[in-house]
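Next comes run_5.tsv, with TSV, C-alpha atoms.
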```tsv
chain	number	residue	atom	x	y	z
A	571	MET	CA	-44.99	39.72	-12.77
A	572	HIS	CA	-44.23	36.14	-13.70
A	573	THR	CA	-40.55	37.05	-14.17
A	574	ARG	CA	-40.31	38.63	-10.70
A	575	THR	CA	-41.86	35.56	-9.05
A	576	HIS	CA	-39.47	33.31	-10.95
A	577	ASP	CA	-36.50	35.45	-9.85
A	578	ARG	CA	-37.61	35.31	-6.20
A	579	HIS	CA	-37.80	31.50	-6.41
A	580	LEU	CA	-34.30	31.37	-7.87
A	581	ILE	CA	-32.96	33.66	-5.13
A	582	ARG	CA	-34.60	31.55	-2.41
A	583	ALA	CA	-33.28	28.34	-3.95
A	584	ALA	CA	-29.78	29.78	-4.22
A	585	ALA	CA	-29.91	31.04	-0.63
A	586	LEU	CA	-31.14	27.68	0.61
A	587	GLY	CA	-28.40	25.90	-1.32
A	588	PHE	CA	-25.79	28.27	0.09
A	589	CYS	CA	-27.02	27.71	3.67
A	590	ILE	CA	-26.97	23.93	3.20
A	591	ALA	CA	-23.45	24.11	1.80
A	592	VAL	CA	-22.23	26.26	4.70
A	593	ALA	CA	-23.92	23.97	7.23
A	594	GLY	CA	-22.38	20.93	5.58
A	595	LEU	CA	-18.94	22.53	5.57
A	596	ALA	CA	-19.25	23.55	9.23
A	597	ALA	CA	-20.40	20.07	10.22
A	598	GLY	CA	-17.55	18.52	8.26
A	599	LEU	CA	-15.04	20.51	10.29
A	600	THR	CA	-16.25	19.09	13.61
A	601	PRO	CA	-15.19	15.65	14.93
A	602	LEU	CA	-18.83	14.51	14.93
A	603	GLY	CA	-19.31	15.79	11.39
A	604	LEU	CA	-16.19	14.03	10.16
A	605	GLU	CA	-17.30	10.81	11.86
A	606	LEU	CA	-20.75	10.99	10.28
A	607	GLU	CA	-19.24	11.77	6.89
A	608	GLN	CA	-17.00	8.72	7.01
A	609	ASP	CA	-19.54	6.46	8.71
A	610	ILE	CA	-22.59	7.35	6.64
A	611	GLY	CA	-21.65	9.65	3.77
A	612	LEU	CA	-18.78	7.55	2.45
A	613	SER	CA	-20.77	4.34	2.65
A	614	TRP	CA	-23.67	5.99	0.83
A	615	LEU	CA	-21.38	7.23	-1.94
A	616	PHE	CA	-19.94	3.75	-2.52
A	617	GLN	CA	-23.44	2.26	-2.62
A	618	LEU	CA	-24.52	4.94	-5.08
A	619	ARG	CA	-21.50	4.36	-7.30
A	620	GLY	CA	-21.65	0.57	-7.26
A	621	PRO	CA	-18.79	-1.86	-7.97
A	622	HIS	CA	-15.97	-0.87	-10.31
A	623	THR	CA	-13.70	-3.13	-12.32
A	624	ALA	CA	-10.64	-3.92	-10.22
A	625	PRO	CA	-7.17	-3.43	-11.76
A	626	ALA	CA	-5.92	-6.54	-13.50
A	627	GLU	CA	-2.32	-5.87	-12.40
A	628	ILE	CA	-2.99	-6.89	-8.77
A	629	ILE	CA	-3.45	-10.37	-7.33
A	630	VAL	CA	-4.05	-11.34	-3.70
A	631	VAL	CA	-2.84	-14.70	-2.42
A	632	THR	CA	-4.94	-15.40	0.65
A	633	ILE	CA	-3.87	-17.14	3.81
A	634	ASP	CA	-7.29	-18.43	4.82
A	635	ARG	CA	-9.13	-21.26	6.55
A	636	ALA	CA	-9.53	-23.17	3.28
A	637	SER	CA	-5.74	-23.21	2.91
A	638	SER	CA	-5.09	-24.21	6.52
A	639	ASP	CA	-7.62	-27.07	6.17
A	640	GLN	CA	-6.26	-28.19	2.80
A	641	LEU	CA	-2.63	-28.14	3.98
A	642	GLY	CA	-3.37	-29.51	7.46
A	643	LEU	CA	-1.95	-26.44	9.20
A	644	SER	CA	-2.82	-24.30	12.19
A	645	THR	CA	-5.56	-21.71	11.77
A	646	LYS	CA	-3.04	-19.19	13.15
A	647	PRO	CA	-0.97	-18.08	10.11
A	648	ARG	CA	2.06	-17.08	12.21
A	649	LYS	CA	2.57	-20.74	13.12
A	650	TRP	CA	2.84	-21.93	9.53
A	651	PRO	CA	6.25	-23.45	8.60
A	652	ARG	CA	8.31	-20.80	6.84
A	653	ASN	CA	9.61	-23.16	4.19
A	654	LEU	CA	6.06	-23.09	2.78
A	655	HIS	CA	6.50	-19.37	2.10
A	656	ALA	CA	9.75	-20.23	0.31
A	657	ASP	CA	7.84	-22.66	-1.94
A	658	LEU	CA	5.21	-19.99	-2.58
A	659	ILE	CA	7.82	-17.38	-3.55
A	660	ARG	CA	9.52	-19.79	-5.94
A	661	LYS	CA	6.19	-20.62	-7.62
A	662	LEU	CA	5.26	-16.95	-7.97
A	663	SER	CA	8.74	-15.99	-9.15
A	664	ARG	CA	8.83	-18.75	-11.78
A	665	ASN	CA	5.52	-17.44	-13.08
A	666	GLY	CA	6.95	-13.92	-13.46
A	667	ALA	CA	5.45	-11.96	-10.53
A	668	GLY	CA	6.45	-8.30	-10.79
A	669	VAL	CA	6.58	-7.83	-7.02
A	670	ILE	CA	5.74	-10.07	-4.06
A	671	ALA	CA	4.64	-8.25	-0.91
A	672	PHE	CA	4.06	-10.10	2.37
A	673	ASP	CA	1.64	-8.59	4.87
A	674	ILE	CA	2.90	-11.02	7.51
A	675	ILE	CA	5.25	-10.25	10.39
A	676	PHE	CA	8.17	-12.64	10.91
A	677	GLU	CA	9.26	-11.16	14.22
A	678	GLU	CA	10.31	-14.35	16.02
A	679	SER	CA	12.95	-16.90	15.04
A	680	ARG	CA	11.68	-20.37	14.29
A	681	ASN	CA	13.20	-23.40	12.59
A	682	PRO	CA	16.66	-22.21	11.37
A	683	GLU	CA	16.64	-24.48	8.30
A	684	HIS	CA	13.22	-23.21	7.24
A	685	GLU	CA	14.33	-19.59	7.73
A	686	GLN	CA	17.47	-20.15	5.66
A	687	GLU	CA	15.34	-21.67	2.90
A	688	LEU	CA	12.94	-18.73	2.99
A	689	ALA	CA	15.80	-16.20	2.99
A	690	LYS	CA	17.32	-17.92	-0.04
A	691	ALA	CA	14.02	-17.83	-1.94
A	692	ILE	CA	13.56	-14.13	-1.08
A	693	ARG	CA	17.08	-13.25	-2.21
A	694	GLU	CA	16.79	-15.21	-5.46
A	695	ALA	CA	13.44	-13.63	-6.34
A	696	GLY	CA	14.92	-10.16	-5.80
A	697	ASN	CA	11.54	-8.41	-5.63
A	698	VAL	CA	10.11	-9.40	-2.24
A	699	VAL	CA	8.89	-6.71	0.17
A	700	LEU	CA	8.44	-7.77	3.80
A	701	PHE	CA	6.21	-6.20	6.41
A	702	GLU	CA	7.68	-4.58	9.51
A	703	TYR	CA	5.50	-3.69	12.44
A	704	LEU	CA	5.18	-0.06	13.54
A	705	GLU	CA	4.71	-0.26	17.29
A	706	LYS	CA	3.29	2.74	19.13
A	707	LYS	CA	4.14	3.31	22.79
A	708	LYS	CA	3.04	6.04	25.18
A	709	LEU	CA	5.65	7.30	27.65
A	710	THR	CA	4.81	9.39	30.68
A	711	LEU	CA	6.95	12.45	31.38
A	712	GLY	CA	6.82	12.20	35.15
A	713	VAL	CA	4.55	13.15	38.02
A	714	GLU	CA	4.03	16.61	39.45
A	715	GLU	CA	2.03	17.03	42.67
A	716	GLY	CA	0.34	13.69	42.19
A	717	ASP	CA	-0.66	14.31	38.55
A	718	LEU	CA	1.01	13.20	35.35
A	719	ALA	CA	3.20	15.93	33.88
A	720	GLY	CA	2.32	14.71	30.39
A	721	ALA	CA	2.90	11.92	27.95
A	722	ILE	CA	4.38	11.46	24.52
A	723	SER	CA	3.75	8.81	21.92
A	724	ILE	CA	6.68	7.21	20.16
A	725	GLU	CA	6.64	4.82	17.21
A	726	LYS	CA	9.24	2.10	16.89
A	727	LEU	CA	9.78	-0.24	13.96
A	728	ALA	CA	9.88	-3.96	14.67
A	729	PRO	CA	11.51	-5.57	11.62
A	730	PRO	CA	11.47	-9.27	10.70
A	731	VAL	CA	14.22	-11.54	11.96
A	732	PRO	CA	17.60	-10.40	10.54
A	733	ILE	CA	18.14	-13.28	8.13
A	734	LEU	CA	14.86	-12.44	6.36
A	735	ALA	CA	15.19	-8.66	6.66
A	736	ASP	CA	18.61	-8.76	5.00
A	737	ALA	CA	17.28	-10.85	2.10
A	738	ALA	CA	14.32	-8.62	1.18
A	739	ILE	CA	14.61	-5.77	-1.29
A	740	ALA	CA	12.75	-3.56	1.21
A	741	LEU	CA	10.90	-3.55	4.51
A	742	ALA	CA	7.81	-1.43	5.04
A	743	PRO	CA	5.12	-0.90	7.69
A	744	PHE	CA	1.42	-0.68	6.97
A	745	PRO	CA	-0.19	1.57	9.62
A	746	LEU	CA	-3.88	2.26	9.11
A	747	PRO	CA	-5.80	5.31	10.37
A	748	LYS	CA	-9.02	4.25	12.06
A	749	VAL	CA	-11.90	6.75	12.52
A	750	PRO	CA	-12.88	5.67	15.12
A	751	GLU	CA	-12.65	1.94	14.35
A	752	LYS	CA	-13.45	1.86	10.63
A	753	VAL	CA	-10.75	1.98	7.97
A	754	GLY	CA	-11.48	4.36	5.13
A	755	GLN	CA	-8.05	5.85	4.51
A	756	VAL	CA	-4.50	4.64	4.03
A	757	TYR	CA	-1.12	6.20	4.71
A	758	LEU	CA	1.18	6.31	1.69
A	759	PHE	CA	3.96	8.18	3.47
A	760	LYS	CA	4.08	8.45	7.27
A	761	VAL	CA	4.64	12.16	7.84
A	762	GLY	CA	5.54	11.79	11.52
A	763	ALA	CA	8.23	9.25	10.66
A	764	ASN	CA	10.35	11.24	8.19
A	765	ASN	CA	8.00	10.48	5.27
A	766	MET	CA	8.50	6.75	5.68
A	767	PRO	CA	7.03	4.88	2.68
A	768	THR	CA	4.40	2.33	3.65
A	769	LEU	CA	3.83	-1.14	2.24
A	770	PRO	CA	1.51	-0.16	-0.65
A	771	VAL	CA	3.82	2.49	-2.14
A	772	THR	CA	6.94	0.41	-1.49
A	773	ALA	CA	5.40	-2.48	-3.42
A	774	MET	CA	4.41	-0.01	-6.14
A	775	GLN	CA	7.98	1.26	-6.45
A	776	VAL	CA	9.39	-2.26	-6.72
A	777	PHE	CA	6.71	-3.04	-9.31
A	778	ALA	CA	7.74	0.05	-11.30
A	779	LEU	CA	11.51	-0.33	-10.96
A	780	ALA	CA	11.87	-1.33	-14.62
A	781	SER	CA	10.78	2.22	-15.50
A	782	TYR	CA	13.01	3.94	-12.92
A	783	ASP	CA	15.72	4.59	-15.53
A	784	VAL	CA	13.31	6.79	-17.51
A	785	LEU	CA	12.21	8.68	-14.38
A	786	TYR	CA	15.84	9.30	-13.43
A	787	GLN	CA	16.63	10.49	-16.96
A	788	LEU	CA	13.76	12.98	-16.84
A	789	LEU	CA	14.75	14.24	-13.39
A	790	GLN	CA	18.35	14.64	-14.48
A	791	THR	CA	17.37	16.86	-17.42
A	792	LEU	CA	15.31	19.13	-15.14
A	793	ALA	CA	17.34	19.20	-11.93
A	794	PRO	CA	20.72	17.45	-12.32
A	795	GLU	CA	22.11	18.84	-9.08
A	796	LYS	CA	19.15	17.46	-7.09
A	797	VAL	CA	19.44	13.89	-8.35
A	798	ALA	CA	23.23	13.54	-8.19
A	799	ALA	CA	22.99	11.39	-5.05
A	800	LEU	CA	20.25	9.12	-6.42
A	801	PRO	CA	21.03	5.69	-7.91
A	802	PRO	CA	21.36	6.25	-11.68
A	803	SER	CA	19.56	3.04	-12.72
A	804	ALA	CA	17.27	0.27	-11.57
A	805	HIS	CA	20.29	-2.03	-11.50
A	806	ALA	CA	22.02	0.33	-9.06
A	807	VAL	CA	18.89	0.35	-6.86
A	808	TYR	CA	19.06	-3.44	-6.63
A	809	GLU	CA	22.80	-3.38	-6.00
A	810	GLN	CA	22.71	-0.68	-3.30
A	811	ARG	CA	19.75	-2.22	-1.45
A	812	ARG	CA	18.50	1.16	-0.29
A	813	LEU	CA	15.02	1.39	-1.70
A	814	PRO	CA	13.32	3.06	1.32
A	815	GLU	CA	16.01	5.77	1.38
A	816	LEU	CA	15.57	6.32	-2.36
A	817	MET	CA	11.82	6.71	-1.88
A	818	ARG	CA	12.28	9.24	0.92
A	819	GLU	CA	14.66	11.27	-1.27
A	820	LEU	CA	12.25	11.24	-4.20
A	821	ARG	CA	9.39	12.26	-1.94
A	822	ALA	CA	11.46	15.14	-0.60
A	823	LEU	CA	12.23	16.34	-4.15
A	824	PHE	CA	8.56	16.68	-4.98
A	825	LEU	CA	7.64	18.25	-1.64
A	826	LEU	CA	10.37	20.87	-1.95
A	827	ASP	CA	9.43	21.71	-5.55
A	828	PRO	CA	5.65	21.41	-6.12
A	829	SER	CA	6.13	22.53	-9.74
A	830	LEU	CA	8.25	19.46	-10.50
A	831	LYS	CA	5.22	17.30	-11.28
A	832	GLY	CA	3.96	19.64	-14.00
A	833	LYS	CA	7.44	20.01	-15.50
A	834	LEU	CA	7.91	16.24	-15.68
A	835	PHE	CA	4.55	15.66	-17.34
A	836	ALA	CA	5.33	18.43	-19.87
A	837	ARG	CA	8.71	16.83	-20.61
A	838	LEU	CA	7.00	13.45	-21.06
A	839	ARG	CA	4.64	14.96	-23.64
A	840	GLU	CA	7.52	16.56	-25.51
A	841	SER	CA	9.91	13.61	-25.47
A	842	ARG	CA	9.88	10.74	-27.92
A	843	GLY	CA	11.34	7.28	-27.69
A	844	LEU	CA	11.63	7.18	-23.89
A	845	GLY	CA	9.86	3.86	-23.64
A	846	ASP	CA	6.80	1.85	-24.50
A	847	ARG	CA	3.32	2.72	-23.28
A	848	ARG	CA	3.52	0.55	-20.14
A	849	THR	CA	6.86	2.10	-19.13
A	850	LEU	CA	5.53	5.63	-19.53
A	851	GLU	CA	2.38	4.80	-17.56
A	852	LEU	CA	4.53	3.49	-14.71
A	853	VAL	CA	6.62	6.67	-14.80
A	854	LYS	CA	3.44	8.75	-14.55
A	855	SER	CA	2.25	6.63	-11.63
A	856	GLN	CA	5.52	7.22	-9.78
A	857	ILE	CA	5.31	10.97	-10.37
A	858	ASN	CA	1.74	11.07	-9.04
A	859	MET	CA	2.71	8.91	-6.09
A	860	TYR	CA	5.62	11.10	-4.96
A	861	ALA	CA	3.83	14.39	-5.67
A	862	GLY	CA	0.51	13.35	-4.12
A	863	GLN	CA	-0.99	13.42	-0.65
A	864	ALA	CA	0.62	11.55	2.23
A	865	ASP	CA	-2.67	9.77	2.85
A	866	MET	CA	-5.80	9.12	0.82
A	867	TYR	CA	-9.23	7.55	0.97
A	868	VAL	CA	-9.30	3.92	-0.13
A	869	ASN	CA	-11.10	3.46	-3.42
A	870	TYR	CA	-12.85	0.16	-2.72
A	871	TYR	CA	-13.68	-1.55	-6.01
A	872	GLY	CA	-16.51	-3.58	-4.55
A	873	PRO	CA	-17.20	-6.32	-1.99
A	874	PRO	CA	-14.52	-8.75	-0.75
A	875	ARG	CA	-12.70	-10.70	-3.49
A	876	SER	CA	-13.30	-7.97	-6.09
A	877	ILE	CA	-9.55	-8.07	-6.74
A	878	THR	CA	-8.37	-11.34	-8.29
A	879	THR	CA	-7.86	-13.67	-5.35
A	880	ILE	CA	-6.13	-17.07	-5.17
A	881	PRO	CA	-6.07	-19.24	-2.04
A	882	TYR	CA	-2.56	-19.96	-0.79
A	883	TYR	CA	-2.93	-23.71	-1.21
A	884	ARG	CA	-3.90	-23.39	-4.88
A	885	VAL	CA	-0.52	-21.80	-5.62
A	886	LEU	CA	1.40	-24.40	-3.64
A	887	GLU	CA	-0.41	-27.36	-5.16
A	888	ALA	CA	0.07	-26.23	-8.77
A	889	ASP	CA	2.45	-28.59	-10.56
A	890	ALA	CA	5.67	-27.22	-12.02
A	891	ASP	CA	4.20	-27.30	-15.55
A	892	GLU	CA	0.70	-26.26	-14.51
A	893	ARG	CA	-0.46	-22.70	-14.93
A	894	LEU	CA	-1.61	-21.03	-11.76
A	895	PRO	CA	-5.31	-20.17	-11.34
A	896	ALA	CA	-4.60	-16.62	-12.57
A	897	GLU	CA	-1.98	-15.20	-14.88
A	898	ILE	CA	0.87	-14.07	-12.58
A	899	ALA	CA	3.36	-12.65	-15.09
A	900	GLY	CA	3.98	-8.95	-14.56
A	901	LYS	CA	1.49	-8.69	-11.69
A	902	ALA	CA	1.81	-7.24	-8.20
A	903	VAL	CA	1.15	-10.08	-5.77
A	904	PHE	CA	0.15	-9.40	-2.15
A	905	VAL	CA	0.28	-12.32	0.29
A	906	GLY	CA	-1.62	-12.02	3.54
A	907	PHE	CA	-4.46	-13.04	5.77
A	908	SER	CA	-7.93	-12.81	4.24
A	909	GLU	CA	-10.80	-14.39	6.07
A	910	GLN	CA	-14.17	-12.90	6.96
A	911	LEU	CA	-15.04	-15.26	9.81
A	912	GLN	CA	-12.09	-16.51	11.86
A	913	PRO	CA	-11.99	-15.59	15.56
A	914	GLU	CA	-8.27	-16.40	15.94
A	915	GLN	CA	-7.28	-13.54	13.64
A	916	LYS	CA	-7.20	-10.08	15.24
A	917	ASP	CA	-5.86	-8.17	12.23
A	918	GLY	CA	-9.30	-7.28	10.88
A	919	PHE	CA	-11.11	-3.96	10.53
A	920	TYR	CA	-14.53	-2.64	9.67
A	921	THR	CA	-14.80	-0.91	6.27
A	922	VAL	CA	-17.58	0.66	4.23
```
Show the structure stored in the file as structure tokens.
Amino acid sequence: MHTRTHDRHLIRAAALGFCIAVAGLAAGLTPLGLELEQDIGLSWLFQLRGPHTAPAEIIVVTIDRASSDQLGLSTKPRKWPRNLHADLIRKLSRNGAGVIAFDIIFEESRNPEHEQELAKAIREAGNVVLFEYLEKKKLTLGVEEGDLAGAISIEKLAPPVPILADAAIALAPFPLPKVPEKVGQVYLFKVGANNMPTLPVTAMQVFALASYDVLYQLLQTLAPEKVAALPPSAHAVYEQRRLPELMRELRALFLLDPSLKGKLFARLRESRGLGDRRTLELVKSQINMYAGQADMYVNYYGPPRSITTIPYYRVLEADADERLPAEIAGKAVFVGFSEQLQPEQKDGFYTV
């Protein structure tokens, strides 16, 4: 008797759990369900998890109010003299930054001497990625009987001024999906734009270029005919100045052959002497990046400034022999606006 009652309770519990799961799945497939999941569910999960240790390989150099006050500059970052960015790049480069990515748009020409100085610093560093704006426009298709026949959306890249664009190792946009106004996801490759690599993955590839030779060697052993058109070495990548095209081609390889990821990881386990631990970890990261989803949820490590953050002015004011506030050598450095309360800046979004 006791066993039958216990079994009935288990059946009811299982049925209830199944119904809840089905209801949750059905709600998640609706626009309202997806909005609630991102607005409430995601926030709740981050609160439940708590802060995580941020990766030590990333540093953010912030263009903020403290820097504008300290340097006596406008609170609008786009008005800052561009020779200051040249000084910043030289300081970061001398300290061994692995990649320097600017989340700033240089779309208008300013002081020619300052731009030449910045272009020279970018070219000499050799590892600077510049932001290019992805502008979306809606075009109407005409009018029929007083009503619009339809409309299409087109996206057009707005690169930096030519002198700076030509100096950078790569240009990349950073479009963000907002649902409806919060940012919880990030595009790695823009599917609607021929798998265009975005700023985060472009910076990652520059950061990992020292390990590209090993990745190419592995790909050549598995599919020599498919990699014949790829640059054979990191040096060739720098020489050819075609990093975005290389990234598109690598992405296409993994999309066309989903089994390639598993084969490469198996070959990595079998091979010996390909490189040190750091090199192999970077190779694995590249494989996961090219074989992964085109977009993903952002894994926030914690509240603002969880990632090592240095104000812009602290880098500029460091003497030639003085160590910067954080160890820069071998790090990925992102330079951009970061201010919680500044009404002049419109490039801000709600997050969890």
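Among A:Gln856, A:Arg664, A:Glu851, A:Ala656, the residue with the shortest atom-to-atom distance to A:Asp889, counting all atoms listed in the file, is A:Arg664.
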Q) When you draw a straight line from atom CA of A:Ala763 to atom CA of A:Tyr782, how long is it in Å? A)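 Those two atoms sit 24.6 Å apart.
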**Q.** Close residues, A:Arg875 itself excluded, 10 Å, all atoms listed in the file, min 6 positions apart in chain, as a list in words
**A.**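 Counting all atoms listed in the file, the residues come to Ala624, Val630, Thr632 and Ser908 of chain A.
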(Q) Nearest residue to A:Ala836 out of A:Ala896, A:Phe701, A:Leu792, A:Lys690, using only C-alpha atoms? (A) A:Leu792
Do a neighbour search on A:Ser841 at 12 Å with all atoms listed in the file, toss out local chain neighbours closer than 2 positions, and write the hits as a JSON list (two decimals) with C-alpha atoms, keeping the file's coordinate frame.
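Final output, saved to result.json:
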```json
[["chain", "number", "residue", "atom", "x", "y", "z"],
["A", 784, "VAL", "CA", 13.31, 6.79, -17.51],
["A", 787, "GLN", "CA", 16.63, 10.49, -16.96],
["A", 788, "LEU", "CA", 13.76, 12.98, -16.84],
["A", 791, "THR", "CA", 17.37, 16.86, -17.42],
["A", 834, "LEU", "CA", 7.91, 16.24, -15.68],
["A", 835, "PHE", "CA", 4.55, 15.66, -17.34],
["A", 836, "ALA", "CA", 5.33, 18.43, -19.87],
["A", 837, "ARG", "CA", 8.71, 16.83, -20.61],
["A", 838, "LEU", "CA", 7.00, 13.45, -21.06],
["A", 839, "ARG", "CA", 4.64, 14.96, -23.64],
["A", 843, "GLY", "CA", 11.34, 7.28, -27.69],
["A", 844, "LEU", "CA", 11.63, 7.18, -23.89],
["A", 845, "GLY", "CA", 9.86, 3.86, -23.64],
["A", 850, "LEU", "CA", 5.53, 5.63, -19.53]]
```
Q) Nearest to A:Tyr757: which of A:Phe824, A:Phe777, A:Phe744, A:Trp650 is it, counting all atoms listed in the file? A)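 With all atoms listed in the file as the atom set, the closest residue is A:Phe744.
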Q) What is the distance, in Å and to one decimal place, between atom CA of A:Ile722 and atom CA of A:Gly762? A)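 We find that atom CA of A:Ile722 and atom CA of A:Gly762 lie 13.1 Å from each other.
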Q.
Ranking A:Leu826, A:Val776, A:Leu641, A:Val753 by minimum distance to A:Ala667 and counting all atoms listed in the file, which one comes first?
A. A:Val776
Could you pull the residues within 12 Å of A:Pro747, counting only C-alpha atoms, minus those fewer than 5 positions along the same chain, as a PDB file with C-alpha atoms, in the frame of the given file?
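So the final result, stored in result32.pdb, reads:
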```pdb
ATOM      1  CA  LYS A 752     -13.450   1.860  10.630  1.00  0.00           C
ATOM      2  CA  VAL A 753     -10.750   1.980   7.970  1.00  0.00           C
ATOM      3  CA  GLY A 754     -11.480   4.360   5.130  1.00  0.00           C
ATOM      4  CA  GLN A 755      -8.050   5.850   4.510  1.00  0.00           C
ATOM      5  CA  VAL A 756      -4.500   4.640   4.030  1.00  0.00           C
ATOM      6  CA  TYR A 757      -1.120   6.200   4.710  1.00  0.00           C
ATOM      7  CA  LEU A 758       1.180   6.310   1.690  1.00  0.00           C
ATOM      8  CA  LYS A 760       4.080   8.450   7.270  1.00  0.00           C
ATOM      9  CA  ASP A 865      -2.670   9.770   2.850  1.00  0.00           C
ATOM     10  CA  MET A 866      -5.800   9.120   0.820  1.00  0.00           C
ATOM     11  CA  TYR A 867      -9.230   7.550   0.970  1.00  0.00           C
ATOM     12  CA  VAL A 868      -9.300   3.920  -0.130  1.00  0.00           C
ATOM     13  CA  PHE A 919     -11.110  -3.960  10.530  1.00  0.00           C
ATOM     14  CA  TYR A 920     -14.530  -2.640   9.670  1.00  0.00           C
ATOM     15  CA  THR A 921     -14.800  -0.910   6.270  1.00  0.00           C
TER      16      THR A 921
END
```
(Q) If I take atom CA of A:Met817 and atom CA of A:Glu840, how far is one from the other in Å, to one decimal? (A)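 Answer for the atom CA of A:Met817 to atom CA of A:Glu840 separation: 26.0 Å.
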Q: Find the spatial neighbours of stretch 797-808 of chain A, counting all atoms listed in the file, within a cut-off of 10 Å - ignore same-chain residues fewer than 2 positions away - and output them as a PyMOL selection string.
A: chain A and resi 696-697+739+776+778-787+789-795+810-813+815-817+819-820+823
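Compared by their closest atoms to A:Lys901, and using all atoms listed in the file, the residues A:Glu809, A:Val731, A:Thr878, A:Ala738 rank with A:Thr878 nearest.
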Q: Can you work out which one of A:Pro743, A:Pro729, A:Pro682, A:Pro828 has the shortest atom-to-atom distance to A:Asn765, counting all atoms listed in the file?
A: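 Checking each candidate against A:Asn765, we get A:Pro743 as the closest.
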Q: Skip A:Ala773 itself and residues of its chain fewer than 4 positions away, then list as a list in words all residues within 7 Å of it, counting only C-alpha atoms.
A: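 Close residues of A:Ala773: Val669, Ala671, Val699, Leu769 and Phe777 of chain A.
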